[in-house]
Amino acid sequence: MTDGFDTLLPAASLLGHRVDVLFLFVSILTGCVALAIAILLVVFTIRYRHGSKADRSNPPVRIRWLEVTWITVPLAIFLGIFGWSSLVFSQFHRPPRGAMQVHVLAKQWMWKIQHQNGRREIDELHIPLGRPVELIMTSQDVIHSFFVPEFRAKQDVLPGRYMSLWFTATRPGRFRLFCAEYCGTRHSGMHGQVIVMRPTEFAAWLAAGPARDELAARGFEIYRRMGCSGCHEPTSTVHAPDLIGLFGRTVHLADGTMVTADETYIRDSILLPRKQVVVGFDPVMPSFQGQLDEDDLTALIAYIKSRASPP
Amino acid sequence: MSAPAPAIEEASEQFESIEQQRAAAELGMWVFLATELMFFAPLFLGYSYGRWALGASFAAASGHTDVVIGTANTAILLTSSLFMALALRAAQLGQQRATRALLLITAALGMTFLALKGLEYYDEWREHLVPWLDFRFEPRYVHGAALFYFLYFGMTGLHAVHLTIGIGIACVFALRLRWYAAKRLSRQIEIGALYWHFVDGIWVFLYPILYLVERHG
Amino acid sequence: MSATAADEVRPDKVLHEESYLREGFTLRSWLLTRDHKRIALLYMISVTGFFFLGGSAAALMRLELLTPQGDVVDAETYNKLFTAHGVIMVWFFLIPSIPATLGNFLIPLMIGAREVAFPRLNLASWYIYTLGGLFVVATLIAGGVDTGWTFYTPFSTLFSNTHVILAAAGVFVVGFSSILTGLNFIVTVHRLRTPGLTWFRLPLFVWANYATSIILVLATPVLAMTLSLIVFERITHIGIFDPALGGDPLLFQHLFWFYSHPAVYIMVLPAMGVASEIIPCFARRPVYGYRMMAYAIFGIALIGFLVWGHHMFVSGQSAYASIAFSLLSFIVAIPSAIKVFNWTATLYKGSITLPAPMLYTLGFVGLFTVGGLTGLFLAATALDVHLTDTYFVVAHFHYIMVGGTVMAYLGGLHFWWPKIVGRMYPENWGRIAAVTIFIGFNLTFFPQYLLGAWGMPRRYHEYAPEYQLLNVFSSCGAAILTLGYLLPLFYLVWAMLRGPRAPANPWGATGLEWQTPSPPPKENFSHTPRVVRGPYVYHPNGPAEPQA
């Protein structure tokens with residue numbers, strides 16, 4: 001890992017530093033090629049200008065070795081860059097175990113953040129230094145994009161789906177947050193800050209301040225209030241799928257396919273229960289569309305995640 | 001009844017000869033058919049996706065298409081292609097009246113297809129199989145079935161539009177035979193026949209995928 | 001292929017000795033023409049009008065971006081401006097520009113034909129284009145559309161309160177104009193080549209437009225279907241793209257980019273064709289590696305259909321798909337690189353002069369190279385995560401489309417102006433304009449690479465204050481660029497009216513179009529040309545050998 005070269009904007013995240021090395025390499029490479037072509041164009045134009053005394057005898061028709069070289073060498077370099085980039089890119093998609101999860105709700109035109117303990121923020125995201133943070137994000141309306149230039153991190157945020165973005169901050173400070181997918185009138189006003197604090201300061205910040213109930217606890221409250229426990233508890237007389245240990249499990253559906261029970265699956269099961277019916281159950285679950293807002297859904301999902309299988 | 005115009009035809013200005021003009025028209029039609037194929041392609045792609053990802057729902061949905069009308073229509077359309085081919089042959093042989101009759105039969109068969117299709121659409125509407133117009137289906141398959149029927153109406157609808165154009169072309173040719181010799185029109189009829197066979201060809205793919213796949217009993 | 005008798009003159013036809021410009025002066029003779037040369041001029045007027053309309057939108061945007069705050073127009077208006085700029089420039093300028101103006105004028109001439117295969121269809125294409133244009137102008141008058149030229153869902157289908165359907169209809173209509181033009185070119189090149197003109201004796205301009213035509217006819221229908229789906233969804237809310245109803249917004253992106261990526265090759269391949277005509281002429285050397293150039297054109301066209309997912313690396317598309325699209329995107333760069341190397345090699349041991357067309361074309365090669373190289377950054381998934389949706393992408397595609405296509409278009413206009421209007425443009429003004437445009441262009445768009453790398457997102461009405469300095473450079477560049485574009489508007493028109501009369505072949509070039517008077521008569525050639533050699537038989541020390 002290098003923190004020697006920075007692009008115009010110093011990287012402040014773990015993956016960001018790795019991206020910058022690749023960026024440097026590609027910049028130098030393309031810069032040299034552009035310069036070389038420019039120089040050749042200028043030199044040839046001057047040297048072989050009409051009326052100059054340059055040697056024009058035996059102009060080449062085909063120079064096989066040169067052509068083979070200028071195809072194979074760029075191809076090899078491109079494949080190298082491709083391979084390197086793919087390796088770094090795949091790390092973007094593998095959040096480390098135990099990453100601190102934060103829920104993000106994008107809406108026209110603000111970012112609503114909710115920490116696991118219930119602490120909320122708008123257009124600001126406080127995170128601890130040096131610890132992987134995973135954002136679980138959805139949109140309430142159109143497609144947005146969570147972009148922190150100094151982390152070299154960006155992820156489009158879609159409605160009806162949960163997207164994951166993770167980073168580990170390597171420097172304390174305030175970093176710009178932008179919306180990077182055009183989302184309507186105040187798209188350019190949908191910005192904020194990511195504030196990286198030292199771990200002890202972060203812990204203090206997290207505990208202090210106005211907070212609702214811890215996310216999963218609030219989810220449990222909604223679970224009871226909306227009547228979910230009436231069917232989904234083992235003691236219920238209604239035959240409904242068991243939710244203990246559900247999150248992350250493979251679920252067999254009535255139409256023969258299988259899905260992994262992730263955040264999107266849980267959300268769909270609540271809002272569009274007929275979409276993916278579990279095998280062996282009747283499609284009798286009512287839809288809660290219109291009765292739960294995004295915050296409620298986030299809380300419910302957090303609650304269901306917390307119901308791990310007994311050891 | 002006025003006599004048909006002379007049989008010898010001058011090539012248009014940009015062509016050296018009538019053969020070149022004919023060859024150009026034919027290539028033009030083939031390229032046009034390629035673009036038509038690309039209009040249908042996204043729908044076929046959507047169908048393939050649905051068949052792969054929502055197999056059970058698609059199977060359930062395709063069980064409700066009217067295989068009787070579908071099969072009858074297939075027979076009618078294939079027969080119409082036969083008559084179009086016969087019409088072309090008659091034109092090439094200079095048989096004025098036969099060409100006209102065969103073209104009109106072709107058009108009539110096409111119109112029969114459309115009439116039956118209309119009946120079929122009406123039945124499907126009554127059975128609540130039209131997405132957005134009070135669509136109802138077995139709950140566990142409802143989303144896949146809605147997609148299936150969206151594609152069904154999209155593909156057969158687009159096909160019907162093309163068939164209507166083809167019928168129009170056949171009728172226009174039948175009309176022009178009042179004033180032009182069959183032999184002279186045979187080159188244009190050949191291009192029209194190509195279009196008709198393309199429309200038929202699309203149906204040959206639509207019929208099995210919409211009516212026959214995974215049909216039980 | 002044509003097969004004529006030995007005697008090429010057709011005594012039963014009236015041969016027009018007058019130029020095509022003098023064949024009728026009424027409005028009717030222009031609006032109902034079947035002459036490909038006149039249709040080319042009709043297109044030229046239309047695309048020029050749209051260029052300046054789309055350019056005005058850009059000028060207003062650059063004015064706004066002088067300061068970080070939104071103080072010139074409000075946010076809603078700004079969003080409508082960048083949408084108008086994109087829609088107009090992509091579909092009403094870039095895609096038709098070279099094919100419908102230079103292509104329509106030159107392809108029959110270059111292949112020794114009298115006309116295109118379907119002249120009435122050609123005129124219909126222009127009318128359809130104009131109809132589409134009217135829809136778009138109506139959209140602007142009615143208050144505009146604010147979805148961006150990319151019409152992403154669900155914003156365009158569920159949330160925008162502007163005239164989406166009207167705009168989509170305009171683009172739908174103009175797509176048919178493209179399809180018919182492409183169809184016409186394909187049949188023309190296949191069937192109307194003059195005796196002796198085999199495929200591998202065709203000028204690369206013809207190859208380039210032929211490949212472009214194939215993309216036009218295959219890709220544009222997909223755009224038509226996609227726009228239909230948006231309109232359908234907006235009216236019926238059936239839920240194709242709405243997740244709440246079981247739909248998927250990403251489906252739109254796949255369908256849209258499946259067309260729109262090949263579309264950028266529609267925009268750049270004809271420009272490459274122009275460059276391949278101009279460089280050999282003014283280097284007085286045959287183009288290096290003619291066959292490889294032709295194969296590279298088809299390589300670009302084919303692989304260009306397989307890379308659309310590189311617009312979607314952060315969209316929520318699967319990582320595996322992204323990696324596959326990344327690999328293909330690197331591969332598509334190879335044929336383009338081959339072309340740049342071959343153009344450069346053409347200069348070696350040549351005898352080079354620098355009239356305006358050559359200045360534009362050398363500028364094209366340089367700027368296209370920079371634009372193409374920055375594409376490598378974007379093909380690399382890990383780098384694209386940071387750079388996508390920023391000004392880096394804006395700079396990249398403007399280097400290709402403006403530094404590339406527009407420069408080549410202007411170079412071609414200058415090169416063939418004597419043939420088209422029969423008079424020479426003023427050379428000094430031509431050179432001044434070329435240099436002004438080159439400088440203005442780089443000042444406008446190079447800072448945008450830096451802005452993007454620095455994190456400034458695109459489609460931003462207001463921006464963070466640290467980005468201001470580079471934005472000021474960019475806006476100053478835009479002012480210079482505007483001046484540069486206005487110059488040819490004036491002196492080319494002046495030349496058309498008052499310039500010195502041009503001979504048939506002022507440049508000593510080898511193509512068939514130069515073997516007929518300037519401007520050509522209505523039937524292009526008084527005798528059917530017989531081609532005896534390939535294109536570009538130039539000699540550094542001596543006269544060139546024409547094709548027929």
# chains A, B, ... in the order shown; residues from 1 in each chain; ligands from 1
call {"tool": "closest_atom_pairs", "arguments": {"of": "chain C", "to": "chain B", "cutoff": "6 Å", "atoms": "only C-alpha atoms", "output": "tab-separated table"}}
result
residue	atom	partner	partner_atom	distance
C:Arg114	CA	B:Gln14	CA	5.3
C:Glu115	CA	B:Gln14	CA	5.0
C:Val187	CA	B:Gly28	CA	5.8
C:Arg191	CA	B:Ala24	CA	5.9
C:Val217	CA	B:Thr35	CA	5.5
C:Leu218	CA	B:Thr35	CA	5.5
C:Pro221	CA	B:Phe39	CA	5.1
C:Ile238	CA	B:Trp132	CA	5.9
call {"tool": "write_last_selection", "arguments": {"atoms": "C-alpha atoms", "output": "PDB file, in the first residue's frame"}}
result
ATOM      1  CA  ARG C 114     -25.550   8.201 -60.657  1.00  0.00           C
ATOM      2  CA  GLU C 115     -27.655   8.098 -57.509  1.00  0.00           C
ATOM      3  CA  VAL C 187     -27.953  -1.398 -50.880  1.00  0.00           C
ATOM      4  CA  ARG C 191     -25.428  -2.954 -55.956  1.00  0.00           C
ATOM      5  CA  VAL C 217     -30.126  -0.717 -39.070  1.00  0.00           C
ATOM      6  CA  LEU C 218     -29.487  -3.254 -36.315  1.00  0.00           C
ATOM      7  CA  PRO C 221     -34.852  -0.615 -33.625  1.00  0.00           C
ATOM      8  CA  ILE C 238     -47.904  -1.189 -15.754  1.00  0.00           C
TER       9      ILE C 238
END
call {"tool": "closest_atom_pairs", "arguments": {"of": "chain B", "to": "chain A", "cutoff": "12 Å", "atoms": "only C-alpha atoms", "output": "tab-separated table"}}
result
residue	atom	partner	partner_atom	distance
B:Trp52	CA	A:Thr257	CA	10.3
B:Ala53	CA	A:Thr257	CA	8.0
B:Leu54	CA	A:Asp255	CA	7.6
B:Gly55	CA	A:Asp255	CA	7.7
B:Ala56	CA	A:Asp255	CA	5.3
B:Ser57	CA	A:Asp255	CA	6.7
B:Phe58	CA	A:Asp255	CA	10.0
B:Ala59	CA	A:Asp255	CA	10.2
B:Ala60	CA	A:Asp255	CA	9.9
B:Phe137	CA	A:Arg274	CA	11.0
B:Glu138	CA	A:Pro283	CA	9.7
B:Pro139	CA	A:Arg274	CA	6.0
B:Arg140	CA	A:Arg274	CA	5.9
B:Tyr141	CA	A:Asp255	CA	7.2
B:Val142	CA	A:Lys275	CA	7.5
B:His143	CA	A:Lys275	CA	6.2
B:Gly144	CA	A:Lys275	CA	8.7
B:Ala145	CA	A:Lys275	CA	11.1
B:Ala146	CA	A:Lys275	CA	11.3
call {"tool": "write_last_selection", "arguments": {"atoms": "N, CA and C atoms", "output": "CSV table (one decimal), in the first residue's frame"}}
result
chain,number,residue,atom,x,y,z
B,52,TRP,N,-36.5,-18.8,-18.5
B,52,TRP,CA,-35.4,-19.3,-17.7
B,52,TRP,C,-35.6,-19.0,-16.2
B,53,ALA,N,-36.0,-17.8,-15.9
B,53,ALA,CA,-36.0,-17.3,-14.5
B,53,ALA,C,-37.3,-17.6,-13.8
B,54,LEU,N,-38.4,-17.7,-14.6
B,54,LEU,CA,-39.7,-17.8,-14.0
B,54,LEU,C,-40.4,-19.0,-14.7
B,55,GLY,N,-39.7,-20.1,-14.8
B,55,GLY,CA,-40.2,-21.2,-15.6
B,55,GLY,C,-41.6,-21.7,-15.2
B,56,ALA,N,-41.8,-21.9,-13.9
B,56,ALA,CA,-43.1,-22.5,-13.5
B,56,ALA,C,-44.2,-21.5,-13.8
B,57,SER,N,-44.0,-20.2,-13.6
B,57,SER,CA,-45.0,-19.2,-13.9
B,57,SER,C,-45.3,-19.2,-15.3
B,58,PHE,N,-44.3,-19.2,-16.2
B,58,PHE,CA,-44.5,-19.2,-17.6
B,58,PHE,C,-45.3,-20.4,-18.1
B,59,ALA,N,-44.9,-21.5,-17.5
B,59,ALA,CA,-45.6,-22.8,-17.9
B,59,ALA,C,-47.1,-22.7,-17.6
B,60,ALA,N,-47.3,-22.2,-16.4
B,60,ALA,CA,-48.7,-22.0,-15.9
B,60,ALA,C,-49.5,-21.1,-16.8
B,137,PHE,N,-54.7,-13.9,-11.7
B,137,PHE,CA,-54.1,-15.2,-12.0
B,137,PHE,C,-53.8,-15.9,-10.6
B,138,GLU,N,-53.6,-17.2,-10.7
B,138,GLU,CA,-53.2,-17.9,-9.5
B,138,GLU,C,-52.1,-17.2,-8.7
B,139,PRO,N,-52.3,-16.8,-7.4
B,139,PRO,CA,-51.4,-15.9,-6.7
B,139,PRO,C,-49.9,-16.3,-6.8
B,140,ARG,N,-49.6,-17.6,-6.7
B,140,ARG,CA,-48.2,-17.9,-6.6
B,140,ARG,C,-47.5,-17.7,-8.0
B,141,TYR,N,-48.2,-17.6,-9.0
B,141,TYR,CA,-47.6,-17.4,-10.3
B,141,TYR,C,-47.9,-16.0,-10.9
B,142,VAL,N,-48.6,-15.2,-10.1
B,142,VAL,CA,-49.1,-14.0,-10.8
B,142,VAL,C,-48.1,-13.1,-11.4
B,143,HIS,N,-46.9,-12.9,-10.8
B,143,HIS,CA,-46.0,-12.0,-11.4
B,143,HIS,C,-45.4,-12.5,-12.7
B,144,GLY,N,-45.0,-13.8,-12.7
B,144,GLY,CA,-44.5,-14.3,-13.9
B,144,GLY,C,-45.5,-14.4,-15.0
B,145,ALA,N,-46.8,-14.7,-14.6
B,145,ALA,CA,-47.8,-14.8,-15.6
B,145,ALA,C,-48.1,-13.4,-16.2
B,146,ALA,N,-48.1,-12.4,-15.4
B,146,ALA,CA,-48.3,-11.0,-15.9
B,146,ALA,C,-47.2,-10.7,-17.0
call {"tool": "select_by_dssp", "arguments": {"residues": "stretch 232-443 of chain C", "states": "helix (DSSP H, G or I)", "output": "VMD selection string"}}
result
chain C and resid 232 to 236 243 to 245 249 to 283 290 to 306 308 to 311 319 to 347 356 to 379 381 to 387 391 to 421 427 to 443
call {"tool": "closest_atom_pairs", "arguments": {"of": "chain C", "to": "chain A", "cutoff": "6 Å", "atoms": "only C-alpha atoms", "output": "CSV"}}
result
residue,atom,partner,partner_atom,distance
C:Ala75,CA,A:Thr185,CA,5.7
C:Glu76,CA,A:Thr185,CA,5.3
C:Pro154,CA,A:Val142,CA,5.6
C:Phe155,CA,A:Val142,CA,5.5
C:Pro243,CA,A:Gly160,CA,5.2
C:Val314,CA,A:Gln155,CA,5.3
C:Ser315,CA,A:Asp156,CA,5.2
C:Lys349,CA,A:Arg56,CA,4.8
C:Gly350,CA,A:Tyr48,CA,5.7
C:Ser351,CA,A:His50,CA,4.5
C:Ile352,CA,A:Arg49,CA,4.4
C:Thr353,CA,A:His50,CA,5.8
C:Leu373,CA,A:Thr30,CA,5.9
C:Ala380,CA,A:Ser85,CA,5.6
C:Thr381,CA,A:Ser85,CA,5.9
C:Ala382,CA,A:Phe89,CA,4.7
C:Val385,CA,A:Lys154,CA,5.7
C:His386,CA,A:Arg152,CA,4.8
C:Asp389,CA,A:Ala180,CA,5.8
C:Trp454,CA,A:Leu9,CA,5.8
C:Gly455,CA,A:Pro149,CA,5.0
C:Pro457,CA,A:Ala180,CA,5.7
C:Tyr460,CA,A:Ser188,CA,4.8
C:His461,CA,A:Ser188,CA,5.9
C:Glu462,CA,A:Ser188,CA,5.9
call {"tool": "write_last_selection", "arguments": {"atoms": "N, CA, C and O atoms", "output": "tab-separated table (two decimals), in the first residue's frame"}}
result
chain	number	residue	atom	x	y	z
C	75	ALA	N	-32.47	25.66	-11.01
C	75	ALA	CA	-32.07	24.26	-11.14
C	75	ALA	C	-32.89	23.54	-12.21
C	75	ALA	O	-32.37	22.81	-13.04
C	76	GLU	N	-34.19	23.76	-12.19
C	76	GLU	CA	-35.08	23.11	-13.13
C	76	GLU	C	-34.66	23.45	-14.57
C	76	GLU	O	-34.57	22.58	-15.43
C	154	PRO	N	-36.54	4.97	-12.56
C	154	PRO	CA	-37.92	5.41	-12.65
C	154	PRO	C	-38.14	6.90	-12.71
C	154	PRO	O	-39.29	7.33	-12.73
C	155	PHE	N	-37.08	7.71	-12.77
C	155	PHE	CA	-37.30	9.16	-12.80
C	155	PHE	C	-38.14	9.56	-14.02
C	155	PHE	O	-39.11	10.31	-13.92
C	243	PRO	N	-40.05	-0.96	-9.33
C	243	PRO	CA	-39.83	-2.07	-8.41
C	243	PRO	C	-41.03	-2.35	-7.53
C	243	PRO	O	-41.28	-3.49	-7.15
C	314	VAL	N	-21.42	0.61	-11.68
C	314	VAL	CA	-21.86	0.85	-10.30
C	314	VAL	C	-23.38	0.85	-10.19
C	314	VAL	O	-23.94	1.27	-9.20
C	315	SER	N	-24.04	0.34	-11.22
C	315	SER	CA	-25.50	0.46	-11.25
C	315	SER	C	-26.20	-0.57	-10.39
C	315	SER	O	-27.39	-0.47	-10.17
C	349	LYS	N	7.62	9.50	-44.48
C	349	LYS	CA	8.15	9.61	-45.84
C	349	LYS	C	7.12	10.15	-46.84
C	349	LYS	O	7.16	9.83	-48.02
C	350	GLY	N	6.22	10.97	-46.32
C	350	GLY	CA	5.28	11.61	-47.22
C	350	GLY	C	5.78	12.98	-47.62
C	350	GLY	O	6.94	13.34	-47.38
C	351	SER	N	4.91	13.75	-48.25
C	351	SER	CA	5.25	15.12	-48.61
C	351	SER	C	4.09	15.98	-48.17
C	351	SER	O	3.12	16.16	-48.90
C	352	ILE	N	4.20	16.50	-46.94
C	352	ILE	CA	3.02	16.95	-46.22
C	352	ILE	C	2.76	18.44	-46.38
C	352	ILE	O	3.66	19.26	-46.21
C	353	THR	N	1.53	18.79	-46.72
C	353	THR	CA	1.10	20.19	-46.69
C	353	THR	C	-0.01	20.33	-45.66
C	353	THR	O	-0.63	19.33	-45.27
C	373	LEU	N	-7.64	7.07	-25.11
C	373	LEU	CA	-6.81	6.64	-23.99
C	373	LEU	C	-7.54	6.83	-22.66
C	373	LEU	O	-7.43	5.99	-21.76
C	380	ALA	N	-11.50	0.26	-16.93
C	380	ALA	CA	-10.99	-0.41	-15.73
C	380	ALA	C	-12.01	-0.22	-14.61
C	380	ALA	O	-12.21	0.89	-14.12
C	381	THR	N	-12.64	-1.32	-14.22
C	381	THR	CA	-13.74	-1.25	-13.26
C	381	THR	C	-13.36	-0.49	-11.99
C	381	THR	O	-14.11	0.37	-11.52
C	382	ALA	N	-12.20	-0.80	-11.42
C	382	ALA	CA	-11.84	-0.18	-10.14
C	382	ALA	C	-11.71	1.34	-10.28
C	382	ALA	O	-12.03	2.08	-9.35
C	385	VAL	N	-15.29	3.10	-10.87
C	385	VAL	CA	-16.11	3.33	-9.67
C	385	VAL	C	-15.96	4.78	-9.23
C	385	VAL	O	-16.93	5.46	-8.89
C	386	HIS	N	-14.73	5.29	-9.27
C	386	HIS	CA	-14.50	6.67	-8.85
C	386	HIS	C	-14.91	7.66	-9.93
C	386	HIS	O	-15.49	8.70	-9.65
C	389	ASP	N	-19.93	8.98	-13.73
C	389	ASP	CA	-20.85	10.03	-13.30
C	389	ASP	C	-20.13	11.29	-12.84
C	389	ASP	O	-20.72	12.13	-12.15
C	454	TRP	N	-11.01	14.87	-9.58
C	454	TRP	CA	-11.09	15.57	-8.31
C	454	TRP	C	-12.44	15.36	-7.65
C	454	TRP	O	-12.68	15.83	-6.56
C	455	GLY	N	-13.37	14.70	-8.34
C	455	GLY	CA	-14.63	14.31	-7.71
C	455	GLY	C	-15.85	15.13	-8.10
C	455	GLY	O	-16.93	14.88	-7.56
C	457	PRO	N	-19.13	15.81	-9.63
C	457	PRO	CA	-20.10	15.01	-10.39
C	457	PRO	C	-20.64	15.80	-11.57
C	457	PRO	O	-20.56	17.03	-11.62
C	460	TYR	N	-24.42	18.81	-12.61
C	460	TYR	CA	-24.52	19.64	-11.42
C	460	TYR	C	-24.74	21.09	-11.78
C	460	TYR	O	-23.95	21.69	-12.48
C	461	HIS	N	-25.80	21.64	-11.26
C	461	HIS	CA	-26.16	23.03	-11.45
C	461	HIS	C	-25.29	23.93	-10.55
C	461	HIS	O	-24.84	24.98	-10.98
C	462	GLU	N	-25.10	23.49	-9.34
C	462	GLU	CA	-24.20	24.19	-8.41
C	462	GLU	C	-23.12	23.21	-8.01
C	462	GLU	O	-23.34	22.01	-8.05
call {"tool": "residues_around", "arguments": {"residues": "B:Leu103", "least_positions_apart": "4", "cutoff": "8 Å", "atoms": "only C-alpha atoms", "output": "list in words"}}
result
Phe83, Met84, Ala87, Thr99, Ala107, Ala170, Cys171, Phe173 and Ala174 of chain B
call {"tool": "write_last_selection", "arguments": {"atoms": "N, CA and C atoms", "output": "mmCIF file, in the first residue's frame"}}
result
data_model
loop_
_atom_site.group_PDB
_atom_site.id
_atom_site.type_symbol
_atom_site.label_atom_id
_atom_site.label_comp_id
_atom_site.auth_asym_id
_atom_site.auth_seq_id
_atom_site.Cartn_x
_atom_site.Cartn_y
_atom_site.Cartn_z
ATOM 1 N N PHE B 83 -50.568 -19.422 -50.837
ATOM 2 C CA PHE B 83 -51.286 -18.669 -51.856
ATOM 3 C C PHE B 83 -50.481 -17.482 -52.346
ATOM 4 N N MET B 84 -49.705 -16.857 -51.456
ATOM 5 C CA MET B 84 -48.852 -15.746 -51.878
ATOM 6 C C MET B 84 -47.806 -16.262 -52.860
ATOM 7 N N ALA B 87 -49.458 -16.820 -56.070
ATOM 8 C CA ALA B 87 -49.744 -15.543 -56.736
ATOM 9 C C ALA B 87 -48.500 -15.037 -57.446
ATOM 10 N N THR B 99 -53.468 -14.087 -60.876
ATOM 11 C CA THR B 99 -52.663 -13.361 -59.888
ATOM 12 C C THR B 99 -53.558 -12.566 -58.956
ATOM 13 N N ALA B 107 -54.869 -12.128 -49.006
ATOM 14 C CA ALA B 107 -55.298 -11.050 -48.113
ATOM 15 C C ALA B 107 -56.459 -11.494 -47.246
ATOM 16 N N ALA B 170 -50.699 -6.551 -50.172
ATOM 17 C CA ALA B 170 -51.321 -7.499 -51.106
ATOM 18 C C ALA B 170 -52.505 -6.853 -51.815
ATOM 19 N N CYS B 171 -53.298 -6.094 -51.065
ATOM 20 C CA CYS B 171 -54.463 -5.440 -51.690
ATOM 21 C C CYS B 171 -54.030 -4.382 -52.702
ATOM 22 N N PHE B 173 -51.338 -4.385 -54.477
ATOM 23 C CA PHE B 173 -50.918 -5.091 -55.695
ATOM 24 C C PHE B 173 -52.135 -5.538 -56.500
ATOM 25 N N ALA B 174 -53.141 -6.119 -55.782
ATOM 26 C CA ALA B 174 -54.342 -6.583 -56.479
ATOM 27 C C ALA B 174 -54.982 -5.422 -57.231
#
call {"tool": "atom_distance", "arguments": {"atom1": "atom CA of C:Pro447", "atom2": "atom CA of C:Asn471"}}
result
7.4 Å
call {"tool": "residues_around", "arguments": {"residues": "stretch 127-130 of chain B", "least_positions_apart": "4", "cutoff": "12 Å", "atoms": "only C-alpha atoms", "output": "MDAnalysis selection string"}}
result
(chainID B and resid 61:66 120:123 134:138 142 145:154) or (chainID C and resid 238)
call {"tool": "atom_distance", "arguments": {"atom1": "atom CA of C:Cys281", "atom2": "atom CA of C:Val537"}}
result
9.3 Å
call {"tool": "residues_around", "arguments": {"residues": "B:Ile167", "least_positions_apart": "3", "cutoff": "12 Å", "atoms": "only C-alpha atoms", "output": "VMD selection string"}}
result
chain B and resid 77 80 to 81 84 103 to 114 160 to 164 170 to 174 192 to 193 195 to 196 199
call {"tool": "residues_around", "arguments": {"residues": "C:Leu121", "least_positions_apart": "4", "cutoff": "12 Å", "atoms": "only C-alpha atoms", "output": "ChimeraX atom specification"}}
result
/B:25,28 /C:32-36,39,115-117,125-128,176-185
